[in-house]
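Just below is one structure, and these are the notes that go with it.
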Amino acid sequence: WPDRTVLAWTPAGAVARPRTLQLRLAPAHPERVAGLAPTPSRALTPEEAVANLDWFTTPGPRGLPVDGLVLSGSGVAARPDLPALIARARRAGVTRVVAHTTLAEANAPLDVERRVLTVVATADTLAQLRAVLGTSPGLDLNAPILAHTLPGLSELASLAGEGAGSLTFTWPFPGGGEPPSLPDTLDALRAAIPHAGTVPITIKGIPACWLGELAGYTRRSVNRWYVDAEHQKDAAILFFPGVVAFAKADPCRFCARDAACDGFLPAWTDRADVPEVRALA
């Protein structure tokens, strides 16, 4: 099977076989960027979490063993089995552990390299975020770009500049709501980004060729295996394209940002406010 460890064939074509495993430990996660991931009927049991971790850290026909682990789901930090699971992952060769946390659990002690916190930029959540960053600097913030969050993006960027590890602005994925108009989105991003200071910025969900002078803020996403209670071991989902399906057109092959751009979301290309996909010089 060595020739099958690099690429996996899907209905959307060939994709890279992931080196990262995401365990959705709980069925709900209200503070997240929504996509087309199925909602499981229950949480992963501690035994199932261990079995899937072992499955994906053992060499075999599914590809190279994973060396990254993402933990998601509401209440992840409160699970009593989590410290043992993370310790087991590290013994198996996992070198990067990322936890998707909520505002309420952002301060919980966890042996992880990164904590990703999705923040909807409203007055209430920004006030909570200010308090959280005061005690837990270095959080990686993910800001959904929605019509009602546009006015708060500049304040969010200012808070990120005071103590976040990074800031990602994400246009909605299909299944996560209708995006605001592209011109309004770009105006809000141009206004917000200078407030973030030196914090690394990424823009997701919008191809580089639609971003104008902001094209340099795109970054290619890393694929991962996605496991929940209904999709375990060899039934795991490839995050791309199983949860989010980006596409690229013929001009993308000649684009200077191709290697740093996920592409476009076909669901939004029929909108009157977006241009044609084109290659950047």
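Following the order of the structure tokens, chains are lettered A, B, ..., residues in each are numbered from 1, and ligands are numbered from 1.
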
* Considering only C-alpha atoms, return as JSON, numbers by chain whatever protein or nucleic-acid residues lie within 8 Å of region 108-119 of chain A, sequence-local ones (same chain, fewer than 2 positions apart) excluded. => {"A": [31, 32, 33, 77, 78, 83, 86, 96, 97, 98, 99, 100, 101, 102, 103, 105, 106, 121, 125, 126, 129, 139, 140, 141, 142, 143, 144]}

* With a distance cut-off of 7 Å and only C-alpha atoms, select the neighbouring residues of region 65-67 of chain A, excluding the residue or stretch itself and same-chain residues fewer than 6 positions from it, and output the selection as a list in words. =>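 Residues near the query, excluding close chain neighbours: Arg19, Thr20, Leu21, Phe56, Thr57, Thr58, Pro59, Gly93, Val94, Thr95 and Arg96 of chain A.
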
* Once DSSP has gone over the backbone, tell me which residues of region 161-261 of chain A are in helix (DSSP H, G or I), as a ChimeraX atom specification. => /A:161,182-196,208-210,212-217,233-235,239-242,250-254,258-260

So that I can check the surroundings of Ser72 (chain A), please list as a PDB file with N, CA and C atoms, in the first residue's frame every protein, DNA and RNA residue that reaches within 8 Å of it, counting only C-alpha atoms and ignoring chain neighbours fewer than 3 positions away.
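part-v5.pdb was written with the following content:
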```pdb
ATOM      1  N   GLN A  22      -9.212  14.525  13.854  1.00  0.00           N
ATOM      2  CA  GLN A  22     -10.128  15.290  14.695  1.00  0.00           C
ATOM      3  C   GLN A  22     -11.116  14.345  15.348  1.00  0.00           C
ATOM      4  N   LEU A  23     -11.171  14.375  16.671  1.00  0.00           N
ATOM      5  CA  LEU A  23     -12.156  13.616  17.431  1.00  0.00           C
ATOM      6  C   LEU A  23     -13.236  14.570  17.912  1.00  0.00           C
ATOM      7  N   ARG A  24     -14.442  14.393  17.388  1.00  0.00           N
ATOM      8  CA  ARG A  24     -15.570  15.175  17.892  1.00  0.00           C
ATOM      9  C   ARG A  24     -16.119  14.419  19.101  1.00  0.00           C
ATOM     10  N   LEU A  25     -15.711  14.842  20.268  1.00  0.00           N
ATOM     11  CA  LEU A  25     -15.997  14.092  21.476  1.00  0.00           C
ATOM     12  C   LEU A  25     -17.422  14.269  21.972  1.00  0.00           C
ATOM     13  N   ALA A  26     -18.067  15.367  21.591  1.00  0.00           N
ATOM     14  CA  ALA A  26     -19.444  15.635  22.031  1.00  0.00           C
ATOM     15  C   ALA A  26     -20.300  15.956  20.819  1.00  0.00           C
ATOM     16  N   HIS A  29     -21.510  21.566  19.544  1.00  0.00           N
ATOM     17  CA  HIS A  29     -20.474  22.567  19.791  1.00  0.00           C
ATOM     18  C   HIS A  29     -20.997  23.900  19.266  1.00  0.00           C
ATOM     19  N   VAL A  76     -15.467  19.764  26.008  1.00  0.00           N
ATOM     20  CA  VAL A  76     -14.277  18.925  25.840  1.00  0.00           C
ATOM     21  C   VAL A  76     -13.359  19.017  27.055  1.00  0.00           C
ATOM     22  N   ALA A  99      -7.115  21.995  20.892  1.00  0.00           N
ATOM     23  CA  ALA A  99      -8.433  21.877  21.512  1.00  0.00           C
ATOM     24  C   ALA A  99      -9.317  23.022  21.030  1.00  0.00           C
ATOM     25  N   HIS A 100     -10.514  22.681  20.526  1.00  0.00           N
ATOM     26  CA  HIS A 100     -11.517  23.693  20.196  1.00  0.00           C
ATOM     27  C   HIS A 100     -12.329  23.949  21.464  1.00  0.00           C
ATOM     28  N   THR A 101     -12.102  25.069  22.088  1.00  0.00           N
ATOM     29  CA  THR A 101     -12.742  25.353  23.363  1.00  0.00           C
ATOM     30  C   THR A 101     -13.813  26.428  23.210  1.00  0.00           C
TER      31      THR A 101
END
```

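Between Leu82 (chain A) and the residues A:Gly68, A:Pro200, A:Pro46, A:Gly205, the shortest atom-to-atom distance, using only C-alpha atoms, involves A:Pro46.
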
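With only C-alpha atoms as the basis for measurement, A:Thr45 is the residue among A:Thr45, A:Ser136, A:Thr122, A:Gln128 that approaches Arg79 (chain A) most closely.
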
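Remark: for Val243 (chain A), the closest of the candidate residues A:Pro275, A:Pro80, A:Gly163, A:Gly175 is A:Gly175 (distances computed over only C-alpha atoms).
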
* **All residues 9 Å or closer to Ala208 (chain A), only C-alpha atoms, same chain fewer than 4 positions away omitted, as a ChimeraX atom specification** => /A:203,212,214-218,257-258,260-264,280

* Asked: Nearest to Val120 (chain A): which of A:Leu156, A:Ala272, A:Ala104, A:Leu85 is it, counting only C-alpha atoms?
  -> A:Leu156

* Which of A:Ile193, A:Glu47, A:Tyr226, A:Gly60 sits closest to Asp81 (chain A) [using only C-alpha atoms] -> A:Glu47

* Excluding same-chain residues fewer than 2 positions from Asn52 (chain A), what lies within 8 Å of it counting only C-alpha atoms, as a PyMOL selection string? -> chain A and resi 48-50+54-56+227+232-233

Output the selection as a short mmCIF file (atom, residue, chain, number, x, y, z; two decimals), in the first residue's frame - N, CA, C and O atoms for each residue.
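Printed below is selection-v6.cif as written:
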```cif
data_model
loop_
_atom_site.label_atom_id
_atom_site.label_comp_id
_atom_site.auth_asym_id
_atom_site.auth_seq_id
_atom_site.Cartn_x
_atom_site.Cartn_y
_atom_site.Cartn_z
N GLU A 48 -14.22 4.47 22.95
CA GLU A 48 -14.21 4.74 21.51
C GLU A 48 -13.15 5.76 21.15
O GLU A 48 -12.48 5.65 20.10
N ALA A 49 -12.95 6.77 21.99
CA ALA A 49 -11.92 7.77 21.72
C ALA A 49 -10.55 7.12 21.67
O ALA A 49 -9.75 7.39 20.76
N VAL A 50 -10.27 6.24 22.61
CA VAL A 50 -8.98 5.53 22.63
C VAL A 50 -8.85 4.61 21.42
O VAL A 50 -7.79 4.56 20.77
N ASP A 54 -5.93 4.95 18.61
CA ASP A 54 -5.01 3.84 18.29
C ASP A 54 -5.08 3.48 16.81
O ASP A 54 -4.07 3.17 16.18
N TRP A 55 -6.29 3.50 16.26
CA TRP A 55 -6.49 3.14 14.85
C TRP A 55 -5.70 4.07 13.93
O TRP A 55 -5.06 3.61 12.98
N PHE A 56 -5.72 5.36 14.22
CA PHE A 56 -5.10 6.33 13.31
C PHE A 56 -3.64 6.63 13.64
O PHE A 56 -2.98 7.32 12.86
N VAL A 227 -13.73 12.22 12.99
CA VAL A 227 -14.38 11.09 13.65
C VAL A 227 -15.44 11.60 14.62
O VAL A 227 -15.18 12.52 15.40
N GLN A 232 -16.57 6.28 12.66
CA GLN A 232 -15.38 5.87 13.39
C GLN A 232 -14.47 4.98 12.53
O GLN A 232 -14.91 4.32 11.61
N LYS A 233 -13.18 5.02 12.87
CA LYS A 233 -12.16 4.18 12.23
C LYS A 233 -12.25 4.27 10.70
O LYS A 233 -12.12 5.35 10.15
#
```

* **Those of region 183-243 of chain A in DSSP strand (DSSP E or B), formatted as a VMD selection string** => chain A and resid 201 to 204 225 to 228 231 237 to 238

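When only C-alpha atoms are used to measure the gap to Asp250 (chain A), the shortest distance among A:Glu276, A:Gly161, A:Ala89, A:Ile201 belongs to A:Glu276.
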
* Surrounding residues of Cys255 (chain A) excluding itself and chain neighbours under 5 positions, 8 Å, only C-alpha atoms, as a list in words -> Arg278, Ala279, Leu280 and Ala281 of chain A
